[in-house]
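Here's start-v1.cif, which has mmCIF, C-alpha atoms:
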data_coords
#
loop_
_atom_site.label_atom_id
_atom_site.label_comp_id
_atom_site.auth_asym_id
_atom_site.auth_seq_id
_atom_site.Cartn_x
_atom_site.Cartn_y
_atom_site.Cartn_z
CA MET A 1 78.35 103.24 92.27
CA LYS A 2 77.54 106.13 94.57
CA LEU A 3 79.54 109.32 94.99
CA LYS A 4 81.06 108.44 98.36
CA LYS A 5 82.32 105.15 96.99
CA TYR A 6 84.03 107.00 94.17
CA ILE A 7 85.60 109.32 96.71
CA ILE A 8 86.97 106.57 98.93
CA ILE A 9 88.35 104.55 96.01
CA LEU A 10 89.97 107.69 94.60
CA PHE A 11 91.46 108.40 98.02
CA LEU A 12 92.78 104.87 98.44
CA SER A 13 94.16 104.78 94.90
CA ALA A 14 95.86 108.16 94.99
CA PHE A 15 97.16 108.19 98.55
CA PRO A 16 100.13 105.85 97.92
CA LEU A 17 101.30 108.26 95.21
CA ILE A 18 100.90 111.19 97.58
CA LEU A 19 102.90 109.35 100.23
CA GLY A 20 105.69 108.70 97.77
CA ALA A 21 105.79 112.25 96.45
CA CYS A 22 105.58 114.28 99.65
CA SER A 23 107.72 114.42 102.77
CA GLY A 24 104.55 114.62 104.88
CA ARG A 25 106.03 117.00 107.44
CA THR A 26 103.75 120.03 106.88
CA MET A 27 100.65 118.71 105.10
CA THR A 28 97.22 118.49 106.72
CA ALA A 29 95.81 115.01 107.35
CA SER A 30 93.21 113.91 104.83
CA GLY A 31 92.23 110.67 106.53
CA TRP A 32 89.52 109.97 109.08
CA PRO A 33 89.33 109.75 112.88
CA SER A 34 90.81 106.68 114.58
CA LEU A 35 89.95 105.39 118.00
CA SER A 36 91.05 103.33 121.00
CA ALA A 37 89.93 103.16 124.63
CA ASP A 38 90.70 101.94 128.13
CA ASP A 39 88.26 101.51 131.02
CA THR A 40 87.81 105.23 131.66
CA LYS A 41 88.63 107.13 128.48
CA ALA A 42 88.36 107.03 124.71
CA TYR A 43 91.39 108.26 122.76
CA LEU A 44 90.57 109.81 119.41
CA SER A 45 93.09 110.96 116.80
CA PHE A 46 91.90 113.32 114.08
CA ASN A 47 93.46 116.19 112.16
CA ASN A 48 95.54 118.38 114.52
CA HIS A 49 94.79 116.65 117.83
CA VAL A 50 94.59 113.53 119.92
CA TYR A 51 91.57 113.83 122.24
CA ALA A 52 90.96 112.01 125.51
CA VAL A 53 87.23 111.75 126.24
CA ASN A 54 85.68 110.56 129.52
CA LEU A 55 83.57 107.46 128.88
CA ASP A 56 80.98 108.27 131.56
CA THR A 57 80.15 111.78 130.43
CA GLY A 58 81.52 112.31 126.91
CA THR A 59 83.46 115.34 128.11
CA GLU A 60 86.99 116.18 127.06
CA ALA A 61 89.70 115.22 129.54
CA TRP A 62 92.61 116.65 127.53
CA ARG A 63 93.90 117.16 124.03
CA PHE A 64 97.37 116.98 122.49
CA PRO A 65 98.74 119.37 121.48
CA THR A 66 96.79 121.84 123.59
CA GLN A 67 96.86 124.41 120.77
CA PRO A 68 96.49 123.57 117.05
CA ASP A 69 99.77 123.17 115.20
CA SER A 70 99.59 122.94 111.39
CA LYS A 71 102.73 120.80 111.41
CA ILE A 72 101.15 118.12 113.62
CA THR A 73 98.29 116.00 112.28
CA PHE A 74 97.13 112.48 113.10
CA TYR A 75 95.46 109.51 111.44
CA ALA A 76 96.68 106.34 113.20
CA ALA A 77 94.77 105.16 116.27
CA PRO A 78 96.57 105.56 119.61
CA THR A 79 97.83 102.39 121.32
CA ILE A 80 97.85 101.93 125.10
CA SER A 81 100.80 100.16 126.75
CA ASP A 82 100.75 98.09 129.93
CA ASP A 83 103.20 100.49 131.57
CA GLY A 84 100.90 103.48 131.15
CA GLN A 85 101.80 105.12 127.86
CA LEU A 86 99.69 106.23 124.93
CA ILE A 87 101.68 105.70 121.72
CA ILE A 88 100.57 107.62 118.63
CA GLY A 89 102.25 108.30 115.28
CA GLY A 90 101.72 111.51 113.34
CA TYR A 91 101.63 112.55 109.70
CA ASN A 92 104.78 114.51 110.51
CA GLY A 93 106.76 111.27 110.88
CA VAL A 94 106.98 111.62 114.66
CA LEU A 95 106.02 108.86 117.08
CA TYR A 96 104.77 110.29 120.39
CA SER A 97 104.52 108.79 123.86
CA LEU A 98 101.87 110.58 125.93
CA ASP A 99 100.65 110.21 129.50
CA PRO A 100 97.07 108.89 129.07
CA GLN A 101 95.98 110.64 132.28
CA THR A 102 97.15 114.13 131.35
CA GLY A 103 98.19 114.17 127.68
CA VAL A 104 101.67 115.33 128.65
CA LYS A 105 104.41 114.22 126.26
CA ASN A 106 106.87 111.66 127.61
CA TRP A 107 109.20 111.28 124.60
CA THR A 108 109.29 111.33 120.81
CA PHE A 109 110.94 109.20 118.13
CA GLU A 110 111.69 111.12 114.93
CA LYS A 111 113.55 108.77 112.59
CA SER A 112 110.68 108.01 110.19
CA GLU A 113 110.65 109.85 106.87
CA GLY A 114 106.99 109.02 106.21
CA ARG A 115 103.57 109.29 107.78
CA TYR A 116 102.25 106.86 110.37
CA ILE A 117 99.05 105.35 108.98
CA GLY A 118 98.82 102.08 110.93
CA SER A 119 98.80 101.96 114.71
CA ALA A 120 101.82 100.80 116.66
CA LEU A 121 101.82 97.30 118.14
CA ILE A 122 102.98 97.09 121.76
CA THR A 123 104.07 93.79 123.31
CA GLU A 124 106.30 92.81 126.22
CA LYS A 125 109.15 92.89 123.68
CA GLY A 126 108.65 96.54 122.78
CA ILE A 127 106.89 98.99 120.45
CA PHE A 128 106.60 98.11 116.76
CA ALA A 129 105.59 101.08 114.62
CA PRO A 130 104.76 100.70 110.88
CA SER A 131 105.49 103.67 108.63
CA SER A 132 104.64 104.76 105.10
CA ASP A 133 108.38 105.15 104.46
CA ASN A 134 108.42 101.32 103.99
CA PHE A 135 110.02 100.68 107.38
CA LEU A 136 108.90 99.00 110.59
CA TYR A 137 110.54 100.62 113.62
CA ALA A 138 111.21 98.62 116.80
CA LEU A 139 111.58 100.58 120.03
CA SER A 140 111.92 99.89 123.72
CA LEU A 141 109.24 101.28 126.01
CA ASP A 142 111.42 104.33 126.62
CA GLY A 143 111.66 105.11 122.90
CA LYS A 144 115.11 103.68 122.09
CA GLU A 145 115.67 101.61 118.94
CA LEU A 146 115.89 97.88 119.58
CA TRP A 147 117.22 96.91 116.16
CA PRO A 148 117.65 98.52 112.73
CA PRO A 149 114.36 99.27 110.92
CA PHE A 150 112.93 96.39 108.91
CA GLU A 151 112.29 97.39 105.30
CA THR A 152 109.62 96.28 102.84
CA THR A 153 109.36 97.47 99.25
CA LYS A 154 106.17 99.52 99.68
CA PRO A 155 104.54 101.52 102.51
CA ILE A 156 103.27 99.71 105.60
CA TRP A 157 99.76 100.97 106.36
CA SER A 158 98.48 98.04 108.40
CA SER A 159 99.16 97.52 112.08
CA PRO A 160 101.30 94.45 112.82
CA ILE A 161 99.94 91.70 115.05
CA SER A 162 101.70 89.43 117.53
CA ASP A 163 101.58 85.78 118.50
CA GLU A 164 102.08 84.97 122.17
CA ASN A 165 103.35 81.51 121.23
CA CYS A 166 106.17 82.92 119.12
CA ASP A 167 108.85 85.59 119.55
CA CYS A 168 107.65 87.11 116.30
CA ILE A 169 105.25 89.59 114.76
CA TYR A 170 103.28 89.52 111.50
CA VAL A 171 103.73 92.57 109.30
CA PRO A 172 101.53 93.10 106.20
CA SER A 173 102.72 95.51 103.51
CA MET A 174 101.31 97.28 100.49
CA ASP A 175 103.91 95.35 98.49
CA HIS A 176 101.44 92.39 98.49
CA HIS A 177 103.47 90.39 101.00
CA LEU A 178 103.13 89.32 104.61
CA TYR A 179 106.32 89.19 106.69
CA ILE A 180 107.07 87.25 109.87
CA ILE A 181 109.80 89.02 111.84
CA ASP A 182 111.80 87.88 114.86
CA THR A 183 111.10 90.40 117.65
CA ASN A 184 114.44 89.78 119.35
CA SER A 185 116.63 90.52 116.32
CA GLY A 186 114.47 92.08 113.62
CA ASP A 187 115.46 89.27 111.26
CA LEU A 188 113.08 87.95 108.63
CA ILE A 189 111.66 84.53 109.50
CA TRP A 190 109.38 84.15 106.47
CA LYS A 191 107.92 86.17 103.60
CA SER A 192 104.70 85.11 101.87
CA ASP A 193 104.25 84.74 98.16
CA ASP A 194 102.61 87.67 96.36
CA LEU A 195 99.04 87.75 97.71
CA GLY A 196 97.70 89.59 94.69
CA GLY A 197 97.09 93.01 96.20
CA ALA A 198 98.12 95.59 98.79
CA ILE A 199 97.34 94.76 102.42
CA VAL A 200 96.02 97.65 104.51
CA GLY A 201 93.67 95.99 107.03
CA LYS A 202 95.03 94.45 110.22
CA PRO A 203 95.15 90.63 109.99
CA ALA A 204 93.73 88.31 112.63
CA ILE A 205 95.23 85.09 113.98
CA SER A 206 93.36 82.19 115.57
CA ASP A 207 94.40 80.02 118.50
CA GLU A 208 95.26 77.34 115.94
CA LYS A 209 97.76 79.76 114.36
CA ILE A 210 95.72 80.36 111.22
CA LEU A 211 96.27 83.87 109.90
CA TYR A 212 93.44 85.69 108.09
CA VAL A 213 94.36 88.61 105.85
CA GLY A 214 92.43 90.55 103.18
CA THR A 215 93.89 92.37 100.17
CA TYR A 216 93.17 94.94 97.49
CA GLY A 217 93.21 91.91 95.17
CA LYS A 218 89.62 91.23 96.32
CA GLU A 219 90.55 88.14 98.32
CA MET A 220 90.60 87.00 101.93
CA TYR A 221 93.38 84.50 102.68
CA ALA A 222 93.71 81.88 105.40
CA ILE A 223 97.37 81.02 105.94
CA ASP A 224 98.53 78.20 108.21
CA VAL A 225 101.46 79.77 110.04
CA SER A 226 102.87 76.41 111.16
CA ASN A 227 103.59 75.22 107.60
CA LYS A 228 103.35 78.60 105.78
CA GLN A 229 100.73 77.23 103.38
CA THR A 230 97.56 78.92 102.13
CA MET A 231 94.58 76.91 103.38
CA TRP A 232 92.05 78.76 101.25
CA LYS A 233 91.27 82.10 99.67
CA PHE A 234 87.83 83.66 99.32
CA GLY A 235 87.00 86.08 96.52
CA THR A 236 85.02 89.26 97.15
CA SER A 237 83.38 91.77 94.83
CA ASN A 238 85.74 94.64 95.71
CA TRP A 239 88.91 95.57 97.60
CA ILE A 240 89.17 94.55 101.25
CA TRP A 241 90.27 97.35 103.56
CA SER A 242 88.51 95.97 106.63
CA GLY A 243 90.50 93.68 108.88
CA PRO A 244 88.64 90.46 109.76
CA THR A 245 87.25 89.64 113.19
CA ILE A 246 87.30 86.04 114.45
CA GLU A 247 84.37 84.68 116.44
CA GLY A 248 84.13 80.93 117.01
CA ASP A 249 84.38 79.10 113.71
CA ARG A 250 83.65 82.22 111.66
CA ILE A 251 85.34 85.37 110.46
CA TYR A 252 83.50 88.60 109.69
CA PHE A 253 84.64 91.43 107.40
CA GLY A 254 83.44 93.88 104.74
CA ASP A 255 84.56 95.13 101.34
CA LEU A 256 84.48 98.44 99.48
CA SER A 257 81.24 97.57 97.69
CA GLY A 258 79.47 97.49 101.05
CA ASN A 259 79.21 93.71 101.26
CA PHE A 260 79.53 92.24 104.73
CA TYR A 261 80.55 88.58 104.93
CA SER A 262 80.30 85.70 107.37
CA ILE A 263 82.81 83.03 106.37
CA ASP A 264 83.52 79.58 107.78
CA ARG A 265 87.09 80.12 108.86
CA LYS A 266 88.11 76.48 108.48
CA SER A 267 86.79 75.83 104.99
CA GLY A 268 86.58 79.37 103.53
CA SER A 269 82.96 78.82 102.48
CA GLN A 270 80.46 81.67 102.71
CA ILE A 271 77.78 81.34 105.38
CA TRP A 272 75.93 84.55 104.50
CA GLN A 273 76.40 87.95 102.91
CA ILE A 274 74.47 91.22 103.29
CA GLN A 275 74.83 94.71 101.82
CA PRO A 276 73.16 97.26 104.12
CA GLY A 277 75.10 100.31 102.93
CA GLU A 278 78.08 101.66 101.06
CA ALA A 279 81.75 100.75 101.47
CA ILE A 280 82.90 99.06 104.69
CA VAL A 281 86.35 100.15 105.82
CA GLY A 282 86.49 99.56 109.58
CA GLU A 283 86.96 96.29 111.42
CA PRO A 284 83.72 94.80 112.83
CA LEU A 285 83.02 94.43 116.54
CA VAL A 286 81.63 91.18 117.98
CA LEU A 287 79.72 91.80 121.19
CA ASN A 288 77.41 89.51 123.18
CA GLY A 289 75.78 87.74 120.26
CA GLN A 290 75.82 90.64 117.82
CA ILE A 291 78.21 91.75 115.10
CA ILE A 292 78.42 95.53 114.77
CA PHE A 293 79.98 97.40 111.86
CA THR A 294 79.88 100.79 110.16
CA THR A 295 79.47 101.91 106.54
CA VAL A 296 80.87 105.04 104.93
CA ASP A 297 77.38 106.43 104.27
CA GLY A 298 76.78 106.82 108.00
CA LYS A 299 75.17 103.55 109.08
CA ILE A 300 75.88 101.70 112.30
CA VAL A 301 74.56 98.18 111.82
CA SER A 302 74.12 95.35 114.33
CA VAL A 303 73.33 91.84 113.04
CA ASN A 304 72.99 88.45 114.69
CA ASP A 305 75.03 85.41 113.69
CA GLU A 306 72.50 84.61 110.95
CA GLY A 307 72.93 88.01 109.30
CA ALA A 308 69.57 89.42 110.41
CA ILE A 309 69.66 93.07 111.45
CA LYS A 310 69.06 93.58 115.20
CA TRP A 311 69.30 97.37 115.12
CA SER A 312 70.63 100.10 112.87
CA GLN A 313 71.40 103.79 113.27
CA GLN A 314 71.73 106.32 110.45
CA ILE A 315 73.90 109.25 111.47
CA ASP A 316 74.75 112.51 109.75
CA GLY A 317 78.34 111.96 108.72
CA ASP A 318 80.82 109.48 107.23
CA LEU A 319 81.88 106.40 109.16
CA TYR A 320 85.22 104.92 108.12
CA ALA A 321 86.60 103.59 111.41
CA GLY A 322 84.96 100.51 112.89
CA PRO A 323 83.22 100.59 116.30
CA ILE A 324 85.02 99.67 119.51
CA TYR A 325 83.70 98.68 122.93
CA SER A 326 84.79 99.64 126.41
CA ASN A 327 83.16 99.50 129.84
CA GLY A 328 79.60 98.99 128.59
CA THR A 329 79.87 101.56 125.81
CA ILE A 330 80.01 101.19 122.02
CA LEU A 331 82.09 104.00 120.53
CA VAL A 332 81.89 105.25 116.95
CA ALA A 333 84.10 107.96 115.44
CA ASN A 334 82.55 110.33 112.89
CA ASN A 335 84.19 112.64 110.34
CA LYS A 336 81.96 115.55 111.38
CA SER A 337 83.59 117.85 113.92
CA ASP A 338 80.22 118.71 115.55
CA ALA A 339 79.71 115.03 116.39
CA LEU A 340 83.22 113.62 116.32
CA LEU A 341 82.62 110.76 118.75
CA MET A 342 79.34 109.03 119.60
CA ALA A 343 78.56 106.58 122.39
CA TYR A 344 75.81 103.93 122.35
CA ASP A 345 74.60 101.18 124.61
CA GLU A 346 74.37 97.57 123.40
CA ASN A 347 70.83 98.14 122.09
CA GLY A 348 71.87 101.03 119.87
CA ASN A 349 70.57 103.81 122.13
CA GLN A 350 72.72 106.91 122.04
CA ARG A 351 74.33 107.93 125.33
CA TRP A 352 76.30 111.04 124.38
CA ILE A 353 78.02 112.94 121.58
CA PHE A 354 81.44 114.51 121.87
CA THR A 355 81.98 117.80 120.03
CA PRO A 356 85.44 119.33 120.49
CA GLU A 357 85.41 122.85 121.80
CA GLU A 358 87.07 125.19 119.35
CA LYS A 359 90.24 126.67 120.79
CA LYS A 360 92.41 129.40 119.33
#
Just dump the structure as structure tokens.
Amino acid sequence: MKLKKYIIILFLSAFPLILGACSGRTMTASGWPSLSADDTKAYLSFNNHVYAVNLDTGTEAWRFPTQPDSKITFYAAPTISDDGQLIIGGYNGVLYSLDPQTGVKNWTFEKSEGRYIGSALITEKGIFAPSSDNFLYALSLDGKELWPPFETTKPIWSSPISDENCDCIYVPSMDHHLYIIDTNSGDLIWKSDDLGGAIVGKPAISDEKILYVGTYGKEMYAIDVSNKQTMWKFGTSNWIWSGPTIEGDRIYFGDLSGNFYSIDRKSGSQIWQIQPGEAIVGEPLVLNGQIIFTTVDGKIVSVNDEGAIKWSQQIDGDLYAGPIYSNGTILVANNKSDALLMAYDENGNQRWIFTPEEKK
């Protein structure tokens, strides 16, 4: 096992203890950059800032806060609402609403006693923010609590997901359980059996209401939401941090040994498996006949649906977040501050690199 894999496993093993022992209100973030985008800008959270970067040019549009503040650090990816807000949680336990055009703060919610690791989910019902203090917070779009926080027995690192056919959300927890919660009341609808390991990657749900969720127990589960039964579980060689991506009759995901899997999502049987690099943490991107993912040793890999590599880029840095796509551009966030965000076309050709200007 290579050094970086030791580092990431040590980080993932120790971080829950750190979360439990510290208030998190003055410590520096030790995670990695997280990313989202709309049609014109990428929004990147890392260390003391959230950056807005113009997709056409790779230039900075704004940053929040404008000056570094040691008490404000970020890990969770920003989430964009339909009514024009950028919602981002900080390591200081504060949930921020920003104007995505200017970076100006709209409001804050400061009830959490833990860090925000997973991104907030925003639906027509409201904002649902998971926290490492074991609570899920439900807010209206103007930042007011909708119902009392929903509590699990361990931190919630994963982002919840929604189901448009149900007034409910699906909330994975590090307590090994998946929860279905009524969005109108905050009441528990259903709690899964122990799934054998902490859940930190965002689940995926199919049109047939089959939920796919990976765990630190080295297993990917398919759960039929209609009858709450496990359809199948697939064993992997290491922990699963990566959330799965659904494409047709397959799901794609990676594990912390660097294995990348294509699985038949109906039967749970493996179609193929490759290992092009070290640990895979980020969620893969499916784009026009290619599946694109990153590895922690700095590889951006594109494969076809048979697992053959179409193109690959080796960058100087560590890639933990998965790639995202917006307006003809593939975006990859890097841990190196001199190349924090990189843009590529669909053939893997680099378009630009964003390096934040140092401000004092």
Compute the distance from (90.7, 96.0, 108.5) to each atom, counting only C-alpha atoms, keep the residues with any atom at most 8 Å away, and return them as JSON, numbers by chain; use the coordinates of the file.
{"A": [200, 201, 202, 203, 214, 240, 241, 242, 243, 244, 253, 281, 282, 283]}
In Å and to one decimal, CA of Gln314 (chain A) is distant from CA of Met342 (chain A) by 12.2 Å
Determine the nearest neighbour of Gly118 (chain A) from the options A:Ser131, A:Ser162, A:Tyr137, A:Ile271, counting all atoms listed in the file.
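Answer, going by the shortest atom-to-atom distance: A:Ser131.
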Would you pick out the contacts of region 100-106 of chain A at 9 Å or less, using all atoms listed in the file, so that residues sharing its chain but fewer than 5 positions from it are not included, and give the list as a list in words?
Lys41, Tyr43, Val50, Tyr51, Ala52, Ala61, Trp62, Arg63, Phe64, Pro65, Thr66, Ile80, Gly84, Gln85, Leu86 and Asp142 of chain A
Go ahead and dump the residues you just picked, C-alpha atoms, as a compact mmCIF listing (two decimals), keeping the file's coordinate frame.
# COMPACT_ATOMS: atom_id res chain seq x y z
CA LYS A 41 88.63 107.13 128.48
CA TYR A 43 91.39 108.26 122.76
CA VAL A 50 94.59 113.53 119.92
CA TYR A 51 91.57 113.83 122.24
CA ALA A 52 90.96 112.01 125.51
CA ALA A 61 89.70 115.22 129.54
CA TRP A 62 92.61 116.65 127.53
CA ARG A 63 93.90 117.16 124.03
CA PHE A 64 97.37 116.98 122.49
CA PRO A 65 98.74 119.37 121.48
CA THR A 66 96.79 121.84 123.59
CA ILE A 80 97.85 101.93 125.10
CA GLY A 84 100.90 103.48 131.15
CA GLN A 85 101.80 105.12 127.86
CA LEU A 86 99.69 106.23 124.93
CA ASP A 142 111.42 104.33 126.62
Answer key for the PyMOL selection byres ((chain A and resi 172-188) around 10), residues as a ChimeraX atom specification
/A:16,123,125-128,130,132,134-138,146-162,166-171,189-203,213-217,225
